[in-house]
file run-v3.cif (mmCIF, C-alpha atoms and all ligand atoms)
data_model
loop_
_atom_site.group_PDB
_atom_site.id
_atom_site.type_symbol
_atom_site.label_atom_id
_atom_site.label_comp_id
_atom_site.auth_asym_id
_atom_site.auth_seq_id
_atom_site.Cartn_x
_atom_site.Cartn_y
_atom_site.Cartn_z
ATOM 1 C CA MET A 23 11.751 47.697 1.958
ATOM 2 C CA ASN A 24 13.025 45.476 -0.826
ATOM 3 C CA ILE A 25 10.661 45.213 -3.800
ATOM 4 C CA ASP A 26 12.346 41.902 -4.754
ATOM 5 C CA ASP A 27 10.828 40.279 -1.638
ATOM 6 C CA ILE A 28 7.267 40.420 -2.916
ATOM 7 C CA SER A 29 6.015 37.005 -4.094
ATOM 8 C CA ARG A 30 3.422 35.420 -6.348
ATOM 9 C CA SER A 31 2.628 32.642 -3.860
ATOM 10 C CA ALA A 32 0.600 33.073 -0.652
ATOM 11 C CA ILE A 33 3.346 32.934 1.976
ATOM 12 C CA PRO A 34 2.414 32.955 5.700
ATOM 13 C CA ILE A 35 3.811 35.818 7.799
ATOM 14 C CA GLU A 36 4.782 33.639 10.786
ATOM 15 C CA PHE A 37 6.188 30.108 10.635
ATOM 16 C CA HIS A 38 5.519 27.865 13.636
ATOM 17 C CA ARG A 39 7.050 24.385 13.614
ATOM 18 C CA ASN A 40 9.245 25.385 10.717
ATOM 19 C CA ARG A 41 11.402 22.537 9.470
ATOM 20 C CA THR A 42 14.238 22.086 7.056
ATOM 21 C CA LEU A 43 13.742 19.317 4.531
ATOM 22 C CA ASP A 44 16.995 17.534 5.350
ATOM 23 C CA ASP A 45 15.494 14.882 7.643
ATOM 24 C CA PHE A 46 12.537 14.403 5.327
ATOM 25 C CA LYS A 47 14.772 13.806 2.298
ATOM 26 C CA LYS A 48 16.858 11.358 4.324
ATOM 27 C CA PHE A 49 13.650 9.519 5.273
ATOM 28 C CA VAL A 50 12.509 9.230 1.638
ATOM 29 C CA THR A 51 15.823 7.576 0.708
ATOM 30 C CA GLU A 52 15.681 5.368 3.807
ATOM 31 C CA TYR A 53 12.099 4.318 3.033
ATOM 32 C CA ARG A 54 12.965 3.438 -0.588
ATOM 33 C CA ASN A 55 15.960 1.386 0.611
ATOM 34 C CA TRP A 56 13.789 -0.264 3.259
ATOM 35 C CA ILE A 57 11.405 -1.526 0.558
ATOM 36 C CA PHE A 58 14.354 -2.849 -1.471
ATOM 37 C CA SER A 59 15.779 -4.608 1.610
ATOM 38 C CA TYR A 60 12.884 -7.110 1.419
ATOM 39 C CA SER A 61 14.473 -10.545 1.119
ATOM 40 C CA GLY A 62 11.996 -11.717 -1.520
ATOM 41 C CA LYS A 63 12.158 -10.650 -5.151
ATOM 42 C CA ILE A 64 11.578 -6.991 -5.883
ATOM 43 C CA GLY A 65 11.909 -5.190 -9.209
ATOM 44 C CA GLY A 66 10.231 -3.621 -12.223
ATOM 45 C CA LEU A 67 9.037 -0.583 -10.240
ATOM 46 C CA PRO A 68 8.709 2.787 -11.989
ATOM 47 C CA SER A 69 11.854 4.728 -11.134
ATOM 48 C CA ASN A 70 10.232 7.886 -9.763
ATOM 49 C CA HIS A 71 8.838 7.707 -6.243
ATOM 50 C CA TYR A 72 6.858 10.104 -4.081
ATOM 51 C CA ILE A 73 5.704 10.233 -0.472
ATOM 52 C CA THR A 74 1.921 9.933 -0.107
ATOM 53 C CA SER A 75 -0.440 9.820 2.837
ATOM 54 C CA GLY A 76 -0.478 6.030 2.720
ATOM 55 C CA VAL A 77 -1.834 3.899 -0.095
ATOM 56 C CA THR A 78 -5.171 5.634 0.512
ATOM 57 C CA ASP A 79 -3.750 8.905 -0.833
ATOM 58 C CA ALA A 80 -2.495 7.037 -3.927
ATOM 59 C CA PHE A 81 -6.035 5.612 -4.371
ATOM 60 C CA ASN A 82 -7.675 9.018 -4.009
ATOM 61 C CA GLN A 83 -5.344 10.507 -6.585
ATOM 62 C CA THR A 84 -5.949 7.555 -8.921
ATOM 63 C CA TYR A 85 -9.691 8.214 -8.635
ATOM 64 C CA ALA A 86 -9.037 11.762 -9.890
ATOM 65 C CA LEU A 87 -6.878 10.625 -12.816
ATOM 66 C CA TYR A 88 -9.134 7.821 -14.055
ATOM 67 C CA ASN A 89 -12.902 7.484 -14.243
ATOM 68 C CA LYS A 90 -13.834 3.803 -14.218
ATOM 69 C CA ILE A 91 -11.901 1.719 -11.685
ATOM 70 C CA GLY A 92 -11.608 -2.033 -12.382
ATOM 71 C CA ILE A 93 -11.158 -4.473 -9.503
ATOM 72 C CA PHE A 94 -11.275 -8.233 -8.944
ATOM 73 C CA ASP A 95 -13.961 -9.816 -6.781
ATOM 74 C CA GLY A 96 -12.901 -9.625 -3.109
ATOM 75 C CA GLU A 97 -10.712 -6.525 -3.550
ATOM 76 C CA TYR A 98 -10.194 -4.020 -0.710
ATOM 77 C CA GLY A 99 -13.580 -2.450 0.112
ATOM 78 C CA TYR A 100 -12.547 1.231 0.088
ATOM 79 C CA HIS A 101 -12.870 1.581 -3.711
ATOM 80 C CA LYS A 102 -16.517 0.525 -3.781
ATOM 81 C CA ILE A 103 -17.452 2.561 -0.703
ATOM 82 C CA VAL A 104 -15.923 5.749 -2.109
ATOM 83 C CA LEU A 105 -16.794 5.364 -5.788
ATOM 84 C CA ASP A 106 -19.851 3.093 -5.930
ATOM 85 C CA GLN A 107 -20.889 2.993 -9.625
ATOM 86 C CA ARG A 108 -17.439 4.026 -10.822
ATOM 87 C CA VAL A 109 -16.152 0.627 -9.710
ATOM 88 C CA THR A 110 -16.527 -2.314 -12.084
ATOM 89 C CA HIS A 111 -15.683 -6.017 -12.017
ATOM 90 C CA ASN A 112 -15.767 -5.994 -15.819
ATOM 91 C CA LEU A 113 -12.089 -5.100 -16.187
ATOM 92 C CA GLU A 114 -12.367 -4.499 -19.947
ATOM 93 C CA GLU A 115 -14.572 -1.450 -19.408
ATOM 94 C CA SER A 116 -12.236 0.125 -16.831
ATOM 95 C CA ASP A 117 -9.824 3.043 -17.295
ATOM 96 C CA VAL A 118 -7.447 1.734 -14.636
ATOM 97 C CA ILE A 119 -7.225 -1.571 -12.776
ATOM 98 C CA ILE A 120 -6.281 -1.609 -9.090
ATOM 99 C CA ILE A 121 -4.948 -4.893 -7.683
ATOM 100 C CA SER A 122 -3.814 -5.495 -4.128
ATOM 101 C CA HIS A 123 -0.747 -7.735 -3.933
ATOM 102 C CA PRO A 124 -0.810 -9.659 -1.630
ATOM 103 C CA PHE A 125 -4.531 -9.795 -2.365
ATOM 104 C CA SER A 126 -6.813 -8.147 0.162
ATOM 105 C CA ALA A 127 -9.314 -11.040 0.249
ATOM 106 C CA ASP A 128 -6.833 -13.725 1.344
ATOM 107 C CA GLY A 129 -3.402 -12.118 1.835
ATOM 108 C CA ASN A 130 -1.934 -14.367 -0.860
ATOM 109 C CA CYS A 131 -0.056 -13.785 -4.115
ATOM 110 C CA SER A 132 -1.864 -11.856 -6.891
ATOM 111 C CA HIS A 133 0.458 -12.590 -9.825
ATOM 112 C CA GLU A 134 -2.209 -14.689 -11.618
ATOM 113 C CA LYS A 135 -4.613 -11.755 -11.403
ATOM 114 C CA ILE A 136 -1.932 -9.269 -12.500
ATOM 115 C CA LYS A 137 -1.099 -11.497 -15.507
ATOM 116 C CA GLU A 138 -4.766 -11.590 -16.505
ATOM 117 C CA ALA A 139 -5.170 -7.810 -16.134
ATOM 118 C CA ASP A 140 -1.928 -7.083 -17.970
ATOM 119 C CA GLN A 141 -3.325 -8.691 -21.159
ATOM 120 C CA LEU A 142 -5.939 -5.946 -21.448
ATOM 121 C CA GLY A 143 -3.653 -2.998 -22.251
ATOM 122 C CA ILE A 144 -5.226 -0.931 -19.441
ATOM 123 C CA PRO A 145 -3.056 0.956 -16.882
ATOM 124 C CA ILE A 146 -2.595 -0.940 -13.605
ATOM 125 C CA LEU A 147 -1.939 0.277 -10.048
ATOM 126 C CA ILE A 148 -0.559 -2.348 -7.664
ATOM 127 C CA ASP A 149 -1.464 -1.867 -3.987
ATOM 128 C CA CYS A 150 1.353 -3.359 -1.874
ATOM 129 C CA ALA A 151 -0.066 -2.336 1.508
ATOM 130 C CA TYR A 152 0.919 -5.746 2.952
ATOM 131 C CA LEU A 153 4.621 -5.618 2.088
ATOM 132 C CA GLY A 154 6.092 -5.650 5.585
ATOM 133 C CA ILE A 155 3.758 -8.313 6.978
ATOM 134 C CA CYS A 156 3.952 -10.989 4.277
ATOM 135 C CA ASN A 157 5.878 -14.153 3.459
ATOM 136 C CA PRO A 158 9.087 -13.358 1.533
ATOM 137 C CA ASN A 159 8.132 -16.064 -0.976
ATOM 138 C CA ILE A 160 5.758 -13.400 -2.364
ATOM 139 C CA SER A 161 7.527 -11.743 -5.279
ATOM 140 C CA PHE A 162 7.286 -8.004 -5.838
ATOM 141 C CA ASP A 163 9.121 -8.287 -9.142
ATOM 142 C CA PHE A 164 6.845 -6.754 -11.765
ATOM 143 C CA SER A 165 9.374 -6.614 -14.619
ATOM 144 C CA GLU A 166 7.475 -9.120 -16.786
ATOM 145 C CA TYR A 167 4.403 -6.857 -17.071
ATOM 146 C CA LYS A 168 3.746 -4.147 -19.684
ATOM 147 C CA ASN A 169 0.941 -2.103 -18.169
ATOM 148 C CA ILE A 170 1.876 -1.485 -14.545
ATOM 149 C CA LYS A 171 2.007 2.296 -14.314
ATOM 150 C CA SER A 172 2.137 2.636 -10.538
ATOM 151 C CA VAL A 173 3.040 0.621 -7.433
ATOM 152 C CA ALA A 174 2.016 1.893 -3.986
ATOM 153 C CA PHE A 175 3.532 0.957 -0.605
ATOM 154 C CA SER A 176 2.590 1.820 2.964
ATOM 155 C CA LEU A 177 3.969 1.568 6.485
ATOM 156 C CA SER A 178 0.536 1.415 8.167
ATOM 157 C CA LYS A 179 0.295 -2.370 8.507
ATOM 158 C CA THR A 180 3.890 -2.944 9.552
ATOM 159 C CA PHE A 181 3.969 -0.295 12.270
ATOM 160 C CA GLY A 182 0.288 0.177 13.157
ATOM 161 C CA THR A 183 0.626 3.820 12.146
ATOM 162 C CA GLY A 184 -2.502 4.106 10.000
ATOM 163 C CA LEU A 185 -3.517 7.324 11.771
ATOM 164 C CA TYR A 186 -0.198 8.881 10.683
ATOM 165 C CA ARG A 187 -0.318 7.260 7.249
ATOM 166 C CA VAL A 188 2.786 7.385 5.111
ATOM 167 C CA GLY A 189 3.346 5.617 1.819
ATOM 168 C CA LEU A 190 5.651 5.606 -1.175
ATOM 169 C CA LEU A 191 4.181 5.696 -4.672
ATOM 170 C CA PHE A 192 6.345 4.576 -7.587
ATOM 171 C CA THR A 193 4.735 5.925 -10.739
ATOM 172 C CA HIS A 194 5.128 6.931 -14.376
ATOM 173 C CA ASP A 195 1.785 8.762 -14.240
ATOM 174 C CA LYS A 196 1.103 12.442 -13.612
ATOM 175 C CA TYR A 197 -0.185 12.038 -10.039
ATOM 176 C CA PRO A 198 -0.723 15.226 -7.998
ATOM 177 C CA CYS A 199 1.914 13.952 -5.515
ATOM 178 C CA THR A 200 4.539 14.311 -8.261
ATOM 179 C CA ILE A 201 4.378 18.070 -7.709
ATOM 180 C CA TYR A 202 4.215 18.046 -3.876
ATOM 181 C CA ARG A 203 8.013 18.722 -3.804
ATOM 182 C CA ASP A 204 7.975 21.699 -6.195
ATOM 183 C CA TRP A 205 4.863 23.065 -4.531
ATOM 184 C CA ASN A 206 6.444 22.818 -1.028
ATOM 185 C CA TYR A 207 3.738 20.372 0.021
ATOM 186 C CA ASP A 208 5.963 17.573 1.343
ATOM 187 C CA LEU A 209 4.078 15.444 3.904
ATOM 188 C CA ILE A 210 6.599 16.029 6.660
ATOM 189 C CA ALA A 211 4.301 15.242 9.624
ATOM 190 C CA SER A 212 3.416 11.771 8.277
ATOM 191 C CA ALA A 213 7.050 11.026 7.539
ATOM 192 C CA GLU A 214 8.214 12.357 10.905
ATOM 193 C CA ALA A 215 5.955 9.911 12.763
ATOM 194 C CA HIS A 216 8.107 7.127 11.249
ATOM 195 C CA TYR A 217 11.580 8.543 11.850
ATOM 196 C CA GLY A 218 13.718 5.945 13.638
ATOM 197 C CA LEU A 219 11.332 3.045 12.994
ATOM 198 C CA LEU A 220 12.743 1.658 9.763
ATOM 199 C CA SER A 221 16.217 0.854 11.055
ATOM 200 C CA ASN A 222 14.909 -1.613 13.666
ATOM 201 C CA VAL A 223 12.227 -3.438 11.710
ATOM 202 C CA SER A 224 12.992 -4.854 8.259
ATOM 203 C CA PRO A 225 10.202 -5.718 5.774
ATOM 204 C CA ASN A 226 10.717 -9.368 6.821
ATOM 205 C CA HIS A 227 10.684 -8.847 10.559
ATOM 206 C CA MET A 228 6.947 -9.021 11.329
ATOM 207 C CA TYR A 229 6.403 -12.178 9.289
ATOM 208 C CA GLU A 230 9.396 -13.923 10.904
ATOM 209 C CA LYS A 231 8.391 -12.792 14.380
ATOM 210 C CA TYR A 232 4.730 -13.846 14.228
ATOM 211 C CA ARG A 233 4.520 -16.708 11.699
ATOM 212 C CA MET A 234 4.594 -19.448 14.325
ATOM 213 C CA LYS A 235 1.893 -17.779 16.400
ATOM 214 C CA GLN A 236 -0.202 -17.328 13.255
ATOM 215 C CA GLU A 237 0.157 -21.062 12.506
ATOM 216 C CA GLU A 238 -0.789 -22.093 16.061
ATOM 217 C CA ILE A 239 -3.863 -19.848 16.104
ATOM 218 C CA CYS A 240 -4.943 -20.954 12.637
ATOM 219 C CA LYS A 241 -4.636 -24.613 13.648
ATOM 220 C CA HIS A 242 -6.786 -23.922 16.695
ATOM 221 C CA LEU A 243 -9.448 -22.089 14.652
ATOM 222 C CA ASN A 244 -9.321 -24.465 11.694
ATOM 223 C CA LEU A 245 -8.049 -21.784 9.313
ATOM 224 C CA THR A 246 -5.401 -21.961 6.595
ATOM 225 C CA PRO A 247 -2.520 -19.571 7.414
ATOM 226 C CA SER A 248 -2.353 -16.827 4.790
ATOM 227 C CA ASP A 249 0.927 -15.584 3.322
ATOM 228 C CA THR A 250 0.043 -12.339 5.101
ATOM 229 C CA VAL A 251 0.740 -12.962 8.773
ATOM 230 C CA ILE A 252 -2.340 -11.194 10.191
ATOM 231 C CA PHE A 253 -4.806 -13.457 8.353
ATOM 232 C CA GLY A 254 -6.187 -16.967 8.433
ATOM 233 C CA VAL A 255 -8.313 -18.093 5.489
ATOM 234 C CA ASP A 256 -11.385 -20.311 5.484
ATOM 235 C CA TYR A 257 -12.399 -22.030 2.238
ATOM 236 C CA THR A 258 -15.439 -23.745 3.792
ATOM 237 C CA GLU A 259 -18.697 -22.354 5.169
ATOM 238 C CA LYS A 260 -17.381 -21.985 8.726
ATOM 239 C CA TYR A 261 -16.602 -18.257 8.723
ATOM 240 C CA THR A 262 -19.075 -16.872 6.161
ATOM 241 C CA LYS A 263 -19.456 -13.681 8.214
ATOM 242 C CA TYR A 264 -15.915 -12.820 7.071
ATOM 243 C CA LYS A 265 -16.581 -13.395 3.366
ATOM 244 C CA ARG A 266 -14.501 -11.489 0.795
ATOM 245 C CA GLY A 267 -15.161 -12.634 -2.750
ATOM 246 C CA LYS A 268 -14.881 -16.420 -2.771
ATOM 247 C CA VAL A 269 -13.106 -16.900 0.569
ATOM 248 C CA ASN A 270 -13.579 -16.028 4.212
ATOM 249 C CA ARG A 271 -10.717 -13.894 5.533
ATOM 250 C CA VAL A 272 -10.256 -13.796 9.275
ATOM 251 C CA CYS A 273 -7.911 -11.206 10.772
ATOM 252 C CA ILE A 274 -6.185 -12.739 13.817
ATOM 253 C CA SER A 275 -4.004 -9.765 14.856
ATOM 254 C CA ASN A 276 -5.772 -9.337 18.207
ATOM 255 C CA LEU A 277 -5.221 -13.035 19.032
ATOM 256 C CA ILE A 278 -1.560 -12.852 18.033
ATOM 257 C CA ARG A 279 -1.107 -9.788 20.277
ATOM 258 C CA ASP A 280 -2.802 -11.579 23.216
ATOM 259 C CA LYS A 281 -0.393 -14.496 22.840
ATOM 260 C CA ILE A 282 2.757 -12.388 23.262
HETATM 261 C C1 LIG B 301 -5.340 -3.982 0.889
HETATM 262 C C2 LIG B 301 -5.221 -2.633 1.525
HETATM 263 N N1 LIG B 301 -4.799 -1.594 0.787
HETATM 264 C C3 LIG B 301 -4.663 -0.365 1.311
HETATM 265 C C4 LIG B 301 -4.995 -0.105 2.630
HETATM 266 C C5 LIG B 301 -4.842 1.296 3.147
HETATM 267 O O1 LIG B 301 -3.520 1.525 3.500
HETATM 268 P P1 LIG B 301 -2.977 2.912 4.058
HETATM 269 O O2 LIG B 301 -3.093 2.900 5.534
HETATM 270 O O3 LIG B 301 -1.567 2.947 3.591
HETATM 271 O O4 LIG B 301 -3.778 4.005 3.445
HETATM 272 C C6 LIG B 301 -5.438 -1.150 3.438
HETATM 273 C C7 LIG B 301 -5.792 -0.905 4.854
HETATM 274 O O5 LIG B 301 -6.514 -1.645 5.479
HETATM 275 C C8 LIG B 301 -5.551 -2.443 2.872
HETATM 276 O O6 LIG B 301 -5.991 -3.477 3.618
#

call {"tool": "encode", "arguments": {"input": "run-v3.cif", "output": "structure tokens", "more": "lines below"}}
Ligand SMILES: Cc1ncc(COP(=O)(O)O)c(C=O)c1O
result
Amino acid sequence: MNIDDISRSAIPIEFHRNRTLDDFKKFVTEYRNWIFSYSGKIGGLPSNHYITSGVTDAFNQTYALYNKIGIFDGEYGYHKIVLDQRVTHNLEESDVIIISHPFSADGNCSHEKIKEADQLGIPILIDCAYLGICNPNISFDFSEYKNIKSVAFSLSKTFGTGLYRVGLLFTHDKYPCTIYRDWNYDLIASAEAHYGLLSNVSPNHMYEKYRMKQEEICKHLNLTPSDTVIFGVDYTEKYTKYKRGKVNRVCISNLIRDKI
């Protein structure tokens, strides 16, 4: 018996499905490079990056770091459902502002909104869940802004892997995920579900592959094609059931799939 083998941490006796971290570390590098292989502009991201369980994990951790969450009208519904009164549209009273880019309500560019929010001197988290399914004319270059503390990416929308969520959070902030590595809490299972996928599908692939079908379907339904390929947008009163903020956002993924 070696007294040096006792430990402070609660170590299991048996290890099933034990893994080395080699493949995981390779994946993290590959995922970061995948994001930077986007043919549109990309830059101004915080240099440190961490695997999360999708953008949702980054949201949940943001909710623990900051009390009042500021959002624009039409923003992704999860914030309001989870936090209710802790969500505000009065950005000036918020502790952090979360902005989806492309914007959740229409799949289009959010730089005007980011500019407006950046004036307020409040930390900003950018939700880039739609990088991978958007028009490369959308710029992910955030270098002109002063208050972007975190930028979150996801593979859920590109690969339809939302049940195995994996994301990459670039942040200057002290998010819990910044200690996952030291704490031996790497999200290997989520990463593993994506091994081998990134080399065949670039962040531009889905948009290039489906843009024409999106345009045809939108023409047929009298919708304006969004810069995010799964959406058509209605600025009239035709699709009010699909209202998000000021516009009606129609997801046409099922129609695109039927057309293949
Ligand atoms: C705008 C937006 N952000 C974030 C998410 C959640 O992404 P993830 O699957 O990475 O948690 C979604 C999913 O619908 C979304 O539409």

call {"tool": "closest_residue", "arguments": {"input": "run-v3.cif", "among": "A:Phe175, A:Phe253, A:Phe49, A:Tyr202", "to": "Tyr229 in chain A", "atoms": "all atoms listed in the file"}}
result
A:Phe253

call {"tool": "residues_around", "arguments": {"input": "run-v3.cif", "residues": "Glu97 in chain A", "least_positions_apart": "4", "cutoff": "12 Å", "atoms": "all atoms listed in the file", "output": "ChimeraX atom specification"}}
result
/A:91-93,101-103,109-111,119-129,132,135,148-149,265-269,271

call {"tool": "atom_distance", "arguments": {"input": "run-v3.cif", "atom1": "CA of Tyr167 in chain A", "atom2": "CA of Glu115 in chain A"}}
result
19.9 Å

call {"tool": "residues_around", "arguments": {"input": "run-v3.cif", "residues": "Gln141 in chain A", "least_positions_apart": "5", "cutoff": "9 Å", "atoms": "all atoms listed in the file", "output": "ChimeraX atom specification"}}
result
/A:136,167-169

call {"tool": "residues_around", "arguments": {"input": "run-v3.cif", "residues": "His242 in chain A", "least_positions_apart": "6", "cutoff": "12 Å", "atoms": "all atoms listed in the file", "output": "ChimeraX atom specification"}}
result
/A:235-236,254,274,277

call {"tool": "closest_residue", "arguments": {"input": "run-v3.cif", "among": "A:Ser59, A:Ser275, A:Ser31, A:Thr84", "to": "Gly182 in chain A", "atoms": "only C-alpha atoms"}}
result
A:Ser275

call {"tool": "resolve_selection", "arguments": {"input": "run-v3.cif", "expression": "the PyMOL selection byres (((not hetatm)) within 8 of (chain B and resi 301))", "output": "list of chain:residue names"}}
result
A:Ser75, A:Gly76, A:Val77, A:Thr78, A:Asp79, A:Glu97, A:Tyr98, A:Ser122, A:His123, A:Pro124, A:Phe125, A:Ser126, A:Asp149, A:Cys150, A:Ala151, A:Tyr152, A:Phe175, A:Ser176, A:Leu177, A:Ser178, A:Lys179, A:Thr183, A:Gly184, A:Leu185, A:Arg187, A:Val188, A:Gly189

call {"tool": "residues_around", "arguments": {"input": "run-v3.cif", "residues": "Val255 in chain A", "least_positions_apart": "3", "cutoff": "6 Å", "atoms": "all atoms listed in the file", "output": "VMD selection string"}}
result
chain A and resid 245 to 246 270 to 271

call {"tool": "residues_around", "arguments": {"input": "run-v3.cif", "residues": "Lys196 in chain A", "least_positions_apart": "6", "cutoff": "12 Å", "atoms": "all atoms listed in the file", "output": "ChimeraX atom specification"}}
result
/A:70-72,80,83-84,86-88,171-172,202

call {"tool": "atom_distance", "arguments": {"input": "run-v3.cif", "atom1": "CA of Tyr257 in chain A", "atom2": "CA of Cys156 in chain A"}}
result
19.8 Å

call {"tool": "closest_residue", "arguments": {"input": "run-v3.cif", "among": "A:Lys47, A:Lys231, A:Lys90, A:Arg30", "to": "Asn112 in chain A", "atoms": "only C-alpha atoms"}}
result
A:Lys90

call {"tool": "atom_distance", "arguments": {"input": "run-v3.cif", "atom1": "CA of Ile239 in chain A", "atom2": "CA of Tyr264 in chain A"}}
result
16.6 Å

call {"tool": "closest_residue", "arguments": {"input": "run-v3.cif", "among": "A:Leu67, A:Thr193, A:Ser61, A:Val104", "to": "Tyr85 in chain A", "atoms": "all atoms listed in the file"}}
result
A:Val104

call {"tool": "residues_near_point", "arguments": {"input": "run-v3.cif", "point": "(2.2, -17.8, 10.7)", "cutoff": "8 Å", "atoms": "only C-alpha atoms", "output": "PyMOL selection string"}}
result
chain A and resi 229+232-238+247-249+251

call {"tool": "closest_residue", "arguments": {"input": "run-v3.cif", "among": "A:Arg41, A:His216, A:Lys260, A:Arg279", "to": "Asn244 in chain A", "atoms": "all atoms listed in the file"}}
result
A:Lys260

call {"tool": "decode", "arguments": {"input": "run-v3.cif", "residues": "range 130-144 of chain A", "atoms": "N, CA and C atoms", "output": "PDB file, in the first residue's frame"}}
result
ATOM      1  N   ASN A 130     -30.966  37.301 -40.201  1.00  0.00           N
ATOM      2  CA  ASN A 130     -30.135  38.291 -40.900  1.00  0.00           C
ATOM      3  C   ASN A 130     -29.113  38.931 -39.961  1.00  0.00           C
ATOM      4  N   CYS A 131     -28.278  39.779 -40.558  1.00  0.00           N
ATOM      5  CA  CYS A 131     -27.146  40.393 -39.847  1.00  0.00           C
ATOM      6  C   CYS A 131     -27.600  41.215 -38.629  1.00  0.00           C
ATOM      7  N   SER A 132     -26.830  41.129 -37.540  1.00  0.00           N
ATOM      8  CA  SER A 132     -27.170  41.875 -36.311  1.00  0.00           C
ATOM      9  C   SER A 132     -26.202  43.013 -36.014  1.00  0.00           C
ATOM     10  N   HIS A 133     -25.330  43.374 -36.964  1.00  0.00           N
ATOM     11  CA  HIS A 133     -24.306  44.372 -36.621  1.00  0.00           C
ATOM     12  C   HIS A 133     -24.898  45.712 -36.165  1.00  0.00           C
ATOM     13  N   GLU A 134     -26.065  46.115 -36.728  1.00  0.00           N
ATOM     14  CA  GLU A 134     -26.673  47.374 -36.270  1.00  0.00           C
ATOM     15  C   GLU A 134     -27.039  47.279 -34.790  1.00  0.00           C
ATOM     16  N   LYS A 135     -27.586  46.132 -34.412  1.00  0.00           N
ATOM     17  CA  LYS A 135     -27.973  45.921 -33.008  1.00  0.00           C
ATOM     18  C   LYS A 135     -26.724  45.878 -32.122  1.00  0.00           C
ATOM     19  N   ILE A 136     -25.682  45.202 -32.593  1.00  0.00           N
ATOM     20  CA  ILE A 136     -24.454  45.087 -31.789  1.00  0.00           C
ATOM     21  C   ILE A 136     -23.856  46.481 -31.577  1.00  0.00           C
ATOM     22  N   LYS A 137     -23.862  47.293 -32.656  1.00  0.00           N
ATOM     23  CA  LYS A 137     -23.337  48.672 -32.563  1.00  0.00           C
ATOM     24  C   LYS A 137     -24.084  49.442 -31.477  1.00  0.00           C
ATOM     25  N   GLU A 138     -25.412  49.337 -31.527  1.00  0.00           N
ATOM     26  CA  GLU A 138     -26.254  50.057 -30.555  1.00  0.00           C
ATOM     27  C   GLU A 138     -25.932  49.590 -29.129  1.00  0.00           C
ATOM     28  N   ALA A 139     -25.840  48.283 -28.934  1.00  0.00           N
ATOM     29  CA  ALA A 139     -25.583  47.733 -27.599  1.00  0.00           C
ATOM     30  C   ALA A 139     -24.181  48.107 -27.110  1.00  0.00           C
ATOM     31  N   ASP A 140     -23.244  48.153 -28.033  1.00  0.00           N
ATOM     32  CA  ASP A 140     -21.845  48.396 -27.671  1.00  0.00           C
ATOM     33  C   ASP A 140     -21.635  49.792 -27.081  1.00  0.00           C
ATOM     34  N   GLN A 141     -22.545  50.729 -27.419  1.00  0.00           N
ATOM     35  CA  GLN A 141     -22.445  52.101 -26.887  1.00  0.00           C
ATOM     36  C   GLN A 141     -22.663  52.136 -25.380  1.00  0.00           C
ATOM     37  N   LEU A 142     -23.312  51.113 -24.828  1.00  0.00           N
ATOM     38  CA  LEU A 142     -23.811  51.197 -23.456  1.00  0.00           C
ATOM     39  C   LEU A 142     -22.778  50.828 -22.401  1.00  0.00           C
ATOM     40  N   GLY A 143     -21.638  50.284 -22.811  1.00  0.00           N
ATOM     41  CA  GLY A 143     -20.602  49.922 -21.830  1.00  0.00           C
ATOM     42  C   GLY A 143     -20.993  48.726 -20.975  1.00  0.00           C
ATOM     43  N   ILE A 144     -21.887  47.892 -21.490  1.00  0.00           N
ATOM     44  CA  ILE A 144     -22.352  46.691 -20.763  1.00  0.00           C
ATOM     45  C   ILE A 144     -21.768  45.463 -21.485  1.00  0.00           C
TER      46      ILE A 144
END
